[in-house]
Every structure is written in structure tokens, then in C-alpha cells.
Amino acid sequence: MCGIVGYIGNNAIKNTITGLKNLEYRGYDSSGIAYIKNNKVIIKKEVGRIDNLLTNLDYDNSVNIAIAHTRWATHGEANKTNAHPHKVGKITLVHNGIIENYEKLKEDLTDYSLISDTDTEVIAALIDKLYNKYSDMKLVLSKVTNLLKGSYALAIINDDIKDKMFAIRKDSPLIVGYDNKSTIIASDIPAILHVTKKYYLLNNYDILEISSNKLNIYDKDLNKIVKEENTYDADSTTISKDGYEHYMLKEINEEPDIFKNILDKYIINDKIVDIYDISKYENIEIVACGSATHAGLIGKYYIENLASIKTSVYYASEYRYQKHIYNQKTLVIVISQSGETADTKEALKIANEANLDTLAIVNVYKSSIARLAKNVIYTHAKIEVAVATTKAYMAQCLILLLLALKVNPDKTIINELHNIPNIMKKYIKKDYKEIASVISNYDHIFYLGRLVDYYLALEGSLKLKEISYIHSEAYPAGELKHGTISLMDNNVLVIAIVTDNKIKDKTISNIKEITARGAKVIAITNDNREFSDYKVLIEDNILIPFITIIPMQLIAYEVAKIKKCDIDKPRNLAKSVTVE
Ligand code: BG6
């Protein structure tokens with residue numbers, strides 16, 4: 001997803017670029033920077049990685065205003081013309097979001113000859129036209145809020161006002177960090193930490209007028225507003241790989257400690273505390289995107305089995321447009337690592353508009369979804385940089401288990417929770433390179449499982465395809481014989497998750513049907529019997545899903561390494577899709 005950074009203060013180019021690099025994890029395909037030097041706006045933009053932008057970049061440390069952007073192409077392909085910043089007339093800006101009515105707006109901008117395919121350039125022309133009429137940027141931005149439909153976070157510089165920067169947001173995330181000699185605006189926290197840990201969160205239509213020693217914030221009616229101060233509480237002032245080759249590997253290695261930190265926060269003297277009580281609901285609807293949906297399915301497994309509450313799980317992009325049959329005993333739970341995913345946010349709004357109780361399970365503190373939901377539980381997984389989620393997914397699964405345990409505090413499970421971090425560490429230490437080399441030779445892979453093993457298979461399959469680009473799909477093992485088994489031959493590899501003791505014999509017979517047709521099978525299992533070509537053996541445990549997650553994630557990681565993929569920033573992917 002696009003990322004924007006704007007900075008006013010000393011050494012603006014360096015500080016802006018540092019911020020931009022800390023947004024790389026959001027996913028992008030081009031980047032650019034604009035800065036004011038010798039009373040002129042200089043723009044540089046390149047396709048591909050930020051390193052391309054840095055080649056021959058003028059790091060003049062006397063520059064004190066800069067805006068920059070990483071673009072994840074939505075309107076128009078990834079090329080230099082479409083890359084941001086866009087300059088039209090006196091206005092230069094960067095944009096994260098999608099303007100839904102940009103073609104309509106373009107019809108009234110025929111006096112401008114726009115050169116790109118982007119909606120962003122239309123915004124710049126619109127602001128330039130309004131500025132030439134009203135010559136007051138705050139007033140112009142207030143008027144723009146009634147004209148733009150869709151989502152936007154904008155950082156703007158104006159040829160006529162060389163000592164100020166302006167910004168405004170609607171639905172796309174934007175925060176403003178500050179210290180006594182500089183101000184930085186950005187799409188997300190990681191981009192400001194090299195400058196400051198102090199920041200304000202911005203609401204829709206907040207208008208910012210920023211000069212080197214003053215930050216004014218206005219509402220859309222141009223009333224000045226005072227914001228609540230926030231201080232980012234992580235110990236790290238910047239994000240780093242801490243010596244690991246990839247953020248994904250670092251974040252998998254963090255999982256045991258994150259698991260323990262969550263237990264320390266939400267289980268005191270074996271009592272579940274600070275976890276929302278779901279016992280009064282008859283029906284729970286879990287809504288999310290990507291891996292968060294797969295965590296939701298693990299939640300379904302635990303909530304139905306421990307708390308005996310009917311639980312359904314939906315992809316947010318489907319949920320938004322389907323028929324909703326609610327009763328007031330329905331709880332809608334949304335799960336989102338970033339707390340900014342557009343589809344999930346819109347699904348939450350539907351539940352809020354139906355006056356239902358809503359609960360958000362979120363990682364990013366005070367993100368849009370966290371602020372929109374009536375109740376929120378934070379996953380405390382710290383900043384997750386790798387686009388393919390690992391630790392946040394695991395944390396989401398654990399929070400959902402705690403929701404179920406709050407209703408039914410099963411002693412055996414609560415006791416076993418404390419053992420899981422050390423068991424996880426054991427499986428993190430194991431070597432999965434050999435099994436990964438088998439997998440890397442295939443172009444078509446099926447993950448299979450039944451019930452909770454199928455829910456895990458969905459996540460294992462997504463992890464593999466996200467970062468290794470190998471075609472993979474997850475299938476309920478019992479369903480395979482109704483059609484898909486026609487694909488089974490010696491060009492296909494099956495990875496079977498076989499850990500649920502109540503049902504694994506059924507899965508094993510499905511595996512035999514598959515090997516009889518020539519496909520090779522890797523089993524991730526707690527069962528010593530011989531029923532597959534390869535086996536990743538894991539110890540049996542009442543909480544085995546939390547153990548199975550580790551080999552699944554590390555196998556995907558090792559395959560992607562063999563395939564020399566860009567593991568932390570897979571092609572076409574974004575860490576959080578804040579557009580529809
Ligand atoms: C995708 C991410 O874009 O969005 C996935 O690549 C993630 O890792 C999904 O699971 C949902 O994102 P979020 O932030 O709402 O959990």
C-alpha cells in the first residue's frame with residue numbers, strides 16, 4: 001500500500017528518506033520525493049525500489065521541507081509519470097488512497113493538461129485551481145473535503161508558501177509526529193520513530209498547516225483543534241532486523257516472547273483478565289481479510305468448542321455486500337493487524353450502523369479500526385514489518401482462544417498455555433531446509449486438513465504462495481474426492497496437516513487415496529504411523545495448533561529463500577490494503 005512522508009526541520013531530505021524506507025514494508029512499486037531548494041520545488045521519482053530513487057539524490061542538508069511517497073499502483077501502471085509527487089501549477093503533493101470521482105472532477109479541469117493516469121494528479125489540479133481562486137490553503141482544503149469522494153492522505157507543498165507544508169486525511173491513515181524543532185507526517189508509526197516518539201492521531205478532514213516551528217490543526221470548518229498527545233511506547237526508536245536475514249524470520253522468532261507477553265497481560269493467577277466477555281451472545285460473526293480471516297477460523301474452533309457459541313467467519317470483502325440477518329445477541333468481531341484495511345473497516349461500519357456490539361482485535365494502537373469499534377483488544381505483537389504476517393496472526397489466534405477461555409476457563413488448557421512458548425522455541429530451532437527443497441521443485445501444491453487442520457492449512461497455503469509465488473491452495477481433505485482429486489498426479493505435491501486426534505484417521509485415508517494416484521505427500525503431523533512420503537513430526541499437545549503454525553511458517557520461509565524471492569516485500573502485495 002502507498003506510504004506518504006512529509007517533514008519540516010533540519011536535514012529534511014535525509015529525514016524524509018529515512019521515514020520513507022521505514023514504510024517500504026507496506027508494499028510499493030515506485031517512489032519519489034519533492035523538496036524546496038533555492039526557492040524552487042525539486043522533484044525526483046523512480047520506478048522500483050527506493051534505492052533507485054537514492055541514486056544521485058542530492059542530500060543537501062540545508063533543505064528543510066520535503067515530501068515523499070511509495071506508490072502501490074492503483075490507477076495507472078508503475079512508471080515514472082504515474083509515480084508521486086505530482087506537481088500541477090503551484091501545487092506539489094503525494095497521496096495515499098483512491099479518489100472515486102476523479103474522472104468527474106477531471107471534466108471541470110479542462111484548463112489543465114494532465115500527463116499521468118492517476119487520480120492524484122487530478123487532486124493537485126483541483127487544489128491549484130481552488131488556490132488560484134481563494135489564495136488561502138486552509139480554505140481550499142476545507143472546500144476540497146466536499147469535492148473529493150473516496151480516501152486520501154495528502155502531504156502538500158505550495159510554490160507560493162515555501163516555509164509551510166499542508167496535509168489532510170480522509171479514511172487513509174495519517175499521523176503527525178513532532179519535537180521542538182521539527183514536524184513529520186506519515187502514513188504509519190514506523191516512519192516517524194527516527195525523529196520522535198511523540199505524535200498526534202488525525203481524524204477524517206483534519207487540516208494541518210505546518211511550519212518549522214508551528215503546527216496548526218483545524219477541522220473542516222477551520223476551527224482550530226487541540227489534539228491528545230500520544231507517545232509510542234515501544235523500546236525501539238527505529239525498526240531493525242536485529243541481525244536476522246529477513247524481518248519475517250525475526251518476527252517468527254519473536255512469537256514465543258509475544259505469546260508469553262500476551263499471557264502475562266491477560267492471565268493473572270490463572271484468571272483471564274481484560275478480555276471482553278462474549279458469554280451473553282448467541283451468535284458471533286468474525287470478519288477479516290487475508291491471514292486475519294484464517295485466525296478467525298481458529299477462533300471459531302475454540303469459541304464453538306469451549307464456549308459453545310455459534311461462530312461464523314467471513315471475508316470482509318464478501319461480508320460488506322451480503323445479506324445480514326442480525327439479532328441483538330449478535331457480536332461482530334473484526335480482526336486486523338494494521339487496523340487500516342479498508343474492507344474490514346467498512347464491514348465494521350455495517351455492524352456499527354446496525355447497532356450491534358462490535359469488538360476489534362488489532363495490533364496497531366489507536367488505528368482506524370481500533371477507534372471505530374465499540375470494544376478493542378490489542379494483540380501487543382509490536383510492529384510487524386514483513387508483509388506476510390506471522391507473529392500478528394499467531395497473536396490473533398491466542399486472543400481468540402482467550403476470548404473462549406474467558407467463558408469456559410478450562411484449567412488444563414490454561415496450564416498448558418504457559419508451556420507453549422518453550423515448545424515453540426523448539427520448533428523454531430529445527431531445520432526445514434530439506435523439506436523446503438522438495439517443495440521448491442513443484443509448481444502446484446495442495447494443503448489439506450479437516451476442521452482445525454483445514455483452518456491451519458488455509459494459512460499455510462497463503463504463507464507459501466505469498467512469499468514463494470508457488471501456486472498453492474488449501475482444501476478440506478474430505479472434499480477432495482468430489483472433483484479436485486482429478487488433479488492428483490505425480491506433478492502435484494500435497495502438504496497434509498494431520499494433528500487433530502479425533503479425526504486424523506479420516507485424513508490419513510484421504511492421503512492414501514492421493515498417494516494411490518501418484519501425488520507426493522508431506523505430512524505435518526503428531527502421528528508416528530507411516531502414511532506419507534515425507535513427514536514433519538510435531539509433538540502432540542492440547543494446544544497443537546499453536547505449535548503447527550511454526551513449521552508451516554518456516555517451511556514457507558525456507559522455500560521462498562530457495563526461490564530467491566523478496567521475502568519481506570513480496571511482489572504485488574501490501575502490508576495493509578487501505579483501498580478497496
Ligand atoms: C494483506 C496482508 O494485505 O492484508 C496480510 O498482506 C493480511 O498479511 C491482510 O493478513 C489483512 O491485513 P490486516 O492488517 O487487516 O490484518
# chains A, B, ... in the order shown; residues from 1 in each chain; ligands from 1
call {"tool": "residues_near_ligand", "arguments": {"ligand": "ligand 1", "cutoff": "9 Å", "atoms": "only C-alpha atoms and all ligand atoms", "output": "count of residues only"}}
result
41
call {"tool": "closest_atom_pairs", "arguments": {"of": "stretch 143-179 of chain A", "to": "stretch 54-74 of chain A", "cutoff": "9 Å", "atoms": "only C-alpha atoms", "output": "CSV"}}
result
residue,atom,partner,partner_atom,distance
A:Ala155,CA,A:Ile67,CA,6.6
A:Ile156,CA,A:Ile67,CA,7.6
A:Ile157,CA,A:Ile67,CA,7.9
A:Lys162,CA,A:Ile65,CA,8.2
A:Asp163,CA,A:Ile65,CA,7.5
A:Lys164,CA,A:Ile65,CA,7.8
A:Met165,CA,A:Ile65,CA,7.5
call {"tool": "atom_distance", "arguments": {"atom1": "atom CA of A:Gly299", "atom2": "atom CA of A:Ile258"}}
result
18.0 Å
call {"tool": "residues_around", "arguments": {"residues": "A:Ile511", "least_positions_apart": "2", "cutoff": "9 Å", "atoms": "only C-alpha atoms", "output": "CSV table (one decimal) with C-alpha atoms, in the first residue's frame"}}
result
chain,number,residue,atom,x,y,z
A,477,ALA,CA,-9.4,-33.2,3.0
A,494,VAL,CA,0.2,-32.4,-1.1
A,496,ALA,CA,-1.4,-32.5,4.8
A,506,LYS,CA,-10.1,-39.9,8.1
A,507,THR,CA,-7.5,-37.6,6.8
A,508,ILE,CA,-5.0,-40.4,6.6
A,509,SER,CA,-7.4,-42.4,4.4
A,513,GLU,CA,-6.4,-42.0,-2.0
A,514,ILE,CA,-3.9,-39.3,-3.1
A,515,THR,CA,-0.7,-41.3,-3.0
A,516,ALA,CA,-2.5,-44.1,-4.9
A,521,VAL,CA,2.5,-36.2,0.3
A,531,PHE,CA,1.3,-42.8,5.6
A,532,SER,CA,3.2,-40.1,3.7
call {"tool": "residues_around", "arguments": {"residues": "A:Asn146", "least_positions_apart": "5", "cutoff": "12 Å", "atoms": "only C-alpha atoms", "output": "PyMOL selection string"}}
result
chain A and resi 101+105+139-141+170+205+220-221
call {"tool": "write_last_selection", "arguments": {"atoms": "N, CA, C and O atoms", "output": "PDB file, in the first residue's frame"}}
result
ATOM      1  N   ASN A 101     -14.216   9.716  -7.578  1.00  0.00           N
ATOM      2  CA  ASN A 101     -14.878  10.592  -8.566  1.00  0.00           C
ATOM      3  C   ASN A 101     -13.867  11.421  -9.353  1.00  0.00           C
ATOM      4  O   ASN A 101     -14.168  12.515  -9.830  1.00  0.00           O
ATOM      5  N   LEU A 105     -14.331  14.867 -11.687  1.00  0.00           N
ATOM      6  CA  LEU A 105     -13.611  16.106 -11.341  1.00  0.00           C
ATOM      7  C   LEU A 105     -12.783  16.594 -12.529  1.00  0.00           C
ATOM      8  O   LEU A 105     -12.694  17.785 -12.803  1.00  0.00           O
ATOM      9  N   LEU A 139      -8.520  27.288   3.545  1.00  0.00           N
ATOM     10  CA  LEU A 139      -9.867  27.414   2.980  1.00  0.00           C
ATOM     11  C   LEU A 139     -10.014  26.461   1.791  1.00  0.00           C
ATOM     12  O   LEU A 139     -11.018  25.757   1.643  1.00  0.00           O
ATOM     13  N   VAL A 140      -8.970  26.387   0.973  1.00  0.00           N
ATOM     14  CA  VAL A 140      -9.004  25.484  -0.194  1.00  0.00           C
ATOM     15  C   VAL A 140      -9.189  24.037   0.277  1.00  0.00           C
ATOM     16  O   VAL A 140     -10.048  23.306  -0.229  1.00  0.00           O
ATOM     17  N   LEU A 141      -8.441  23.640   1.278  1.00  0.00           N
ATOM     18  CA  LEU A 141      -8.533  22.240   1.739  1.00  0.00           C
ATOM     19  C   LEU A 141      -9.891  21.962   2.372  1.00  0.00           C
ATOM     20  O   LEU A 141     -10.463  20.887   2.220  1.00  0.00           O
ATOM     21  N   LYS A 170      -8.600  11.617   4.871  1.00  0.00           N
ATOM     22  CA  LYS A 170      -9.954  11.061   4.999  1.00  0.00           C
ATOM     23  C   LYS A 170      -9.862   9.580   4.675  1.00  0.00           C
ATOM     24  O   LYS A 170      -9.511   9.187   3.575  1.00  0.00           O
ATOM     25  N   TYR A 205     -10.787  14.591   7.816  1.00  0.00           N
ATOM     26  CA  TYR A 205     -10.951  16.014   7.480  1.00  0.00           C
ATOM     27  C   TYR A 205     -10.118  16.937   8.379  1.00  0.00           C
ATOM     28  O   TYR A 205     -10.270  18.153   8.292  1.00  0.00           O
ATOM     29  N   LYS A 220     -12.741  20.725   9.480  1.00  0.00           N
ATOM     30  CA  LYS A 220     -13.083  21.129   8.109  1.00  0.00           C
ATOM     31  C   LYS A 220     -13.777  22.485   8.063  1.00  0.00           C
ATOM     32  O   LYS A 220     -13.856  23.121   7.013  1.00  0.00           O
ATOM     33  N   ASP A 221     -14.252  22.945   9.241  1.00  0.00           N
ATOM     34  CA  ASP A 221     -14.857  24.292   9.293  1.00  0.00           C
ATOM     35  C   ASP A 221     -13.834  25.331   9.722  1.00  0.00           C
ATOM     36  O   ASP A 221     -14.183  26.453  10.093  1.00  0.00           O
TER      37      ASP A 221
END
call {"tool": "closest_atom_pairs", "arguments": {"of": "stretch 298-364 of chain A", "to": "stretch 405-418 of chain A", "cutoff": "10 Å", "atoms": "only C-alpha atoms", "output": "CSV"}}
result
residue,atom,partner,partner_atom,distance
A:Tyr302,CA,A:Leu405,CA,8.4
A:Ile303,CA,A:Leu405,CA,8.2
A:Asn305,CA,A:Asn408,CA,9.7
A:Leu306,CA,A:Asn408,CA,6.0
A:Ala307,CA,A:Val407,CA,5.7
A:Ser308,CA,A:Asn408,CA,9.2
A:Ile309,CA,A:Val407,CA,9.8
call {"tool": "atom_distance", "arguments": {"atom1": "atom CA of A:Glu346", "atom2": "atom CA of A:Tyr314"}}
result
13.2 Å
call {"tool": "select_by_dssp", "arguments": {"residues": "stretch 211-454 of chain A", "states": "alpha helix (DSSP H)", "output": "count of residues only"}}
result
97
call {"tool": "residues_around", "arguments": {"residues": "stretch 430-445 of chain A", "least_positions_apart": "2", "cutoff": "6 Å", "atoms": "only C-alpha atoms", "output": "JSON, numbers by chain"}}
result
{"A": [427, 428, 470, 471, 472, 492, 493, 494, 555, 558, 559]}
call {"tool": "residues_around", "arguments": {"residues": "A:Lys260", "least_positions_apart": "6", "cutoff": "10 Å", "atoms": "only C-alpha atoms", "output": "ChimeraX atom specification"}}
result
/A:266,417-422
call {"tool": "write_last_selection", "arguments": {"atoms": "all heavy atoms", "output": "PDB file, in the first residue's frame"}}
result
ATOM      1  N   TYR A 266      -2.887 -10.892  30.027  1.00  0.00           N
ATOM      2  CA  TYR A 266      -4.318 -11.250  30.089  1.00  0.00           C
ATOM      3  C   TYR A 266      -4.615 -12.436  30.995  1.00  0.00           C
ATOM      4  O   TYR A 266      -5.762 -12.841  31.128  1.00  0.00           O
ATOM      5  CB  TYR A 266      -4.835 -11.540  28.675  1.00  0.00           C
ATOM      6  CG  TYR A 266      -4.852 -10.327  27.754  1.00  0.00           C
ATOM      7  CD1 TYR A 266      -4.045 -10.275  26.623  1.00  0.00           C
ATOM      8  CD2 TYR A 266      -5.667  -9.235  28.019  1.00  0.00           C
ATOM      9  CE1 TYR A 266      -4.051  -9.174  25.785  1.00  0.00           C
ATOM     10  CE2 TYR A 266      -5.680  -8.122  27.182  1.00  0.00           C
ATOM     11  CZ  TYR A 266      -4.866  -8.093  26.068  1.00  0.00           C
ATOM     12  OH  TYR A 266      -4.880  -6.996  25.239  1.00  0.00           O
ATOM     13  N   LEU A 417      -1.020 -23.466  28.434  1.00  0.00           N
ATOM     14  CA  LEU A 417      -0.631 -22.229  27.729  1.00  0.00           C
ATOM     15  C   LEU A 417       0.798 -21.823  28.090  1.00  0.00           C
ATOM     16  O   LEU A 417       1.585 -21.410  27.247  1.00  0.00           O
ATOM     17  CB  LEU A 417      -1.592 -21.093  28.080  1.00  0.00           C
ATOM     18  CG  LEU A 417      -2.916 -21.049  27.336  1.00  0.00           C
ATOM     19  CD1 LEU A 417      -3.857 -20.044  27.992  1.00  0.00           C
ATOM     20  CD2 LEU A 417      -2.705 -20.707  25.872  1.00  0.00           C
ATOM     21  N   HIS A 418       1.133 -21.966  29.369  1.00  0.00           N
ATOM     22  CA  HIS A 418       2.433 -21.493  29.844  1.00  0.00           C
ATOM     23  C   HIS A 418       3.598 -22.297  29.270  1.00  0.00           C
ATOM     24  O   HIS A 418       4.739 -21.862  29.303  1.00  0.00           O
ATOM     25  CB  HIS A 418       2.462 -21.495  31.375  1.00  0.00           C
ATOM     26  CG  HIS A 418       1.393 -20.623  31.961  1.00  0.00           C
ATOM     27  ND1 HIS A 418       1.444 -19.241  31.895  1.00  0.00           N
ATOM     28  CD2 HIS A 418       0.207 -20.937  32.552  1.00  0.00           C
ATOM     29  CE1 HIS A 418       0.352 -18.740  32.466  1.00  0.00           C
ATOM     30  NE2 HIS A 418      -0.428 -19.740  32.854  1.00  0.00           N
ATOM     31  N   ASN A 419       3.283 -23.493  28.742  1.00  0.00           N
ATOM     32  CA  ASN A 419       4.365 -24.328  28.163  1.00  0.00           C
ATOM     33  C   ASN A 419       4.616 -24.015  26.690  1.00  0.00           C
ATOM     34  O   ASN A 419       5.637 -24.400  26.132  1.00  0.00           O
ATOM     35  CB  ASN A 419       4.004 -25.821  28.306  1.00  0.00           C
ATOM     36  CG  ASN A 419       3.844 -26.222  29.762  1.00  0.00           C
ATOM     37  OD1 ASN A 419       4.542 -25.679  30.631  1.00  0.00           O
ATOM     38  ND2 ASN A 419       2.918 -27.137  30.032  1.00  0.00           N
ATOM     39  N   ILE A 420       3.658 -23.377  26.064  1.00  0.00           N
ATOM     40  CA  ILE A 420       3.730 -23.223  24.603  1.00  0.00           C
ATOM     41  C   ILE A 420       4.947 -22.416  24.145  1.00  0.00           C
ATOM     42  O   ILE A 420       5.626 -22.828  23.181  1.00  0.00           O
ATOM     43  CB  ILE A 420       2.412 -22.620  24.060  1.00  0.00           C
ATOM     44  CG1 ILE A 420       1.241 -23.597  24.292  1.00  0.00           C
ATOM     45  CG2 ILE A 420       2.531 -22.293  22.562  1.00  0.00           C
ATOM     46  CD1 ILE A 420       1.355 -24.952  23.632  1.00  0.00           C
ATOM     47  N   PRO A 421       5.301 -21.299  24.793  1.00  0.00           N
ATOM     48  CA  PRO A 421       6.474 -20.541  24.288  1.00  0.00           C
ATOM     49  C   PRO A 421       7.722 -21.409  24.161  1.00  0.00           C
ATOM     50  O   PRO A 421       8.408 -21.375  23.136  1.00  0.00           O
ATOM     51  CB  PRO A 421       6.641 -19.427  25.328  1.00  0.00           C
ATOM     52  CG  PRO A 421       5.256 -19.198  25.844  1.00  0.00           C
ATOM     53  CD  PRO A 421       4.613 -20.571  25.875  1.00  0.00           C
ATOM     54  N   ASN A 422       8.024 -22.207  25.171  1.00  0.00           N
ATOM     55  CA  ASN A 422       9.229 -23.064  25.083  1.00  0.00           C
ATOM     56  C   ASN A 422       9.086 -24.127  24.000  1.00  0.00           C
ATOM     57  O   ASN A 422      10.054 -24.459  23.303  1.00  0.00           O
ATOM     58  CB  ASN A 422       9.516 -23.705  26.437  1.00  0.00           C
ATOM     59  CG  ASN A 422      10.132 -22.702  27.411  1.00  0.00           C
ATOM     60  OD1 ASN A 422      10.720 -21.700  26.965  1.00  0.00           O
ATOM     61  ND2 ASN A 422       9.946 -22.905  28.689  1.00  0.00           N
TER      62      ASN A 422
END
call {"tool": "residues_around", "arguments": {"residues": "A:Asn352", "least_positions_apart": "5", "cutoff": "10 Å", "atoms": "only C-alpha atoms", "output": "list in words"}}
result
Val332, Glu346, Ala347, Asp357, Thr358, Leu372, Ala373 and Lys374 of chain A
call {"tool": "atom_distance", "arguments": {"atom1": "atom CA of A:Asp206", "atom2": "atom CA of A:His95"}}
result
15.2 Å
call {"tool": "closest_residue", "arguments": {"among": "A:Ala354, A:Asp111, A:Leu402, A:Val94", "to": "A:Ile272", "atoms": "only C-alpha atoms"}}
result
A:Leu402
call {"tool": "closest_residue", "arguments": {"among": "A:Asn132, A:Ser461, A:Ser367, A:Thr379", "to": "A:Ser172", "atoms": "only C-alpha atoms"}}
result
A:Ser367
call {"tool": "closest_residue", "arguments": {"among": "A:Ile192, A:Tyr152, A:Met137, A:Tyr447", "to": "A:Leu208", "atoms": "only C-alpha atoms"}}
result
A:Met137
call {"tool": "select_by_dssp", "arguments": {"residues": "stretch 423-553 of chain A", "states": "strand (DSSP E)", "output": "list in words"}}
result
His444, Ile445, Phe446, Tyr447, Leu448, Gly449, His471, Ser472, Glu473, Ala474, Tyr475, Pro476, Val492, Leu493, Val494, Ile495, Ala496, Ile497, Val498, Lys520, Val521, Ile522, Ala523, Ile524, Thr525, Tyr534, Lys535, Val536 and Leu537 of chain A
call {"tool": "closest_residue", "arguments": {"among": "A:Val5, A:Leu543, A:Val376, A:Ile207", "to": "A:Ile184", "atoms": "only C-alpha atoms"}}
result
A:Val5
call {"tool": "closest_residue", "arguments": {"among": "A:Asp270, A:Glu107, A:Glu245, A:Glu46", "to": "A:Gly32", "atoms": "only C-alpha atoms"}}
result
A:Glu46
call {"tool": "closest_residue", "arguments": {"among": "A:Gly449, A:Gly243, A:Gly97, A:Pro551", "to": "A:Lys535", "atoms": "only C-alpha atoms"}}
result
A:Pro551
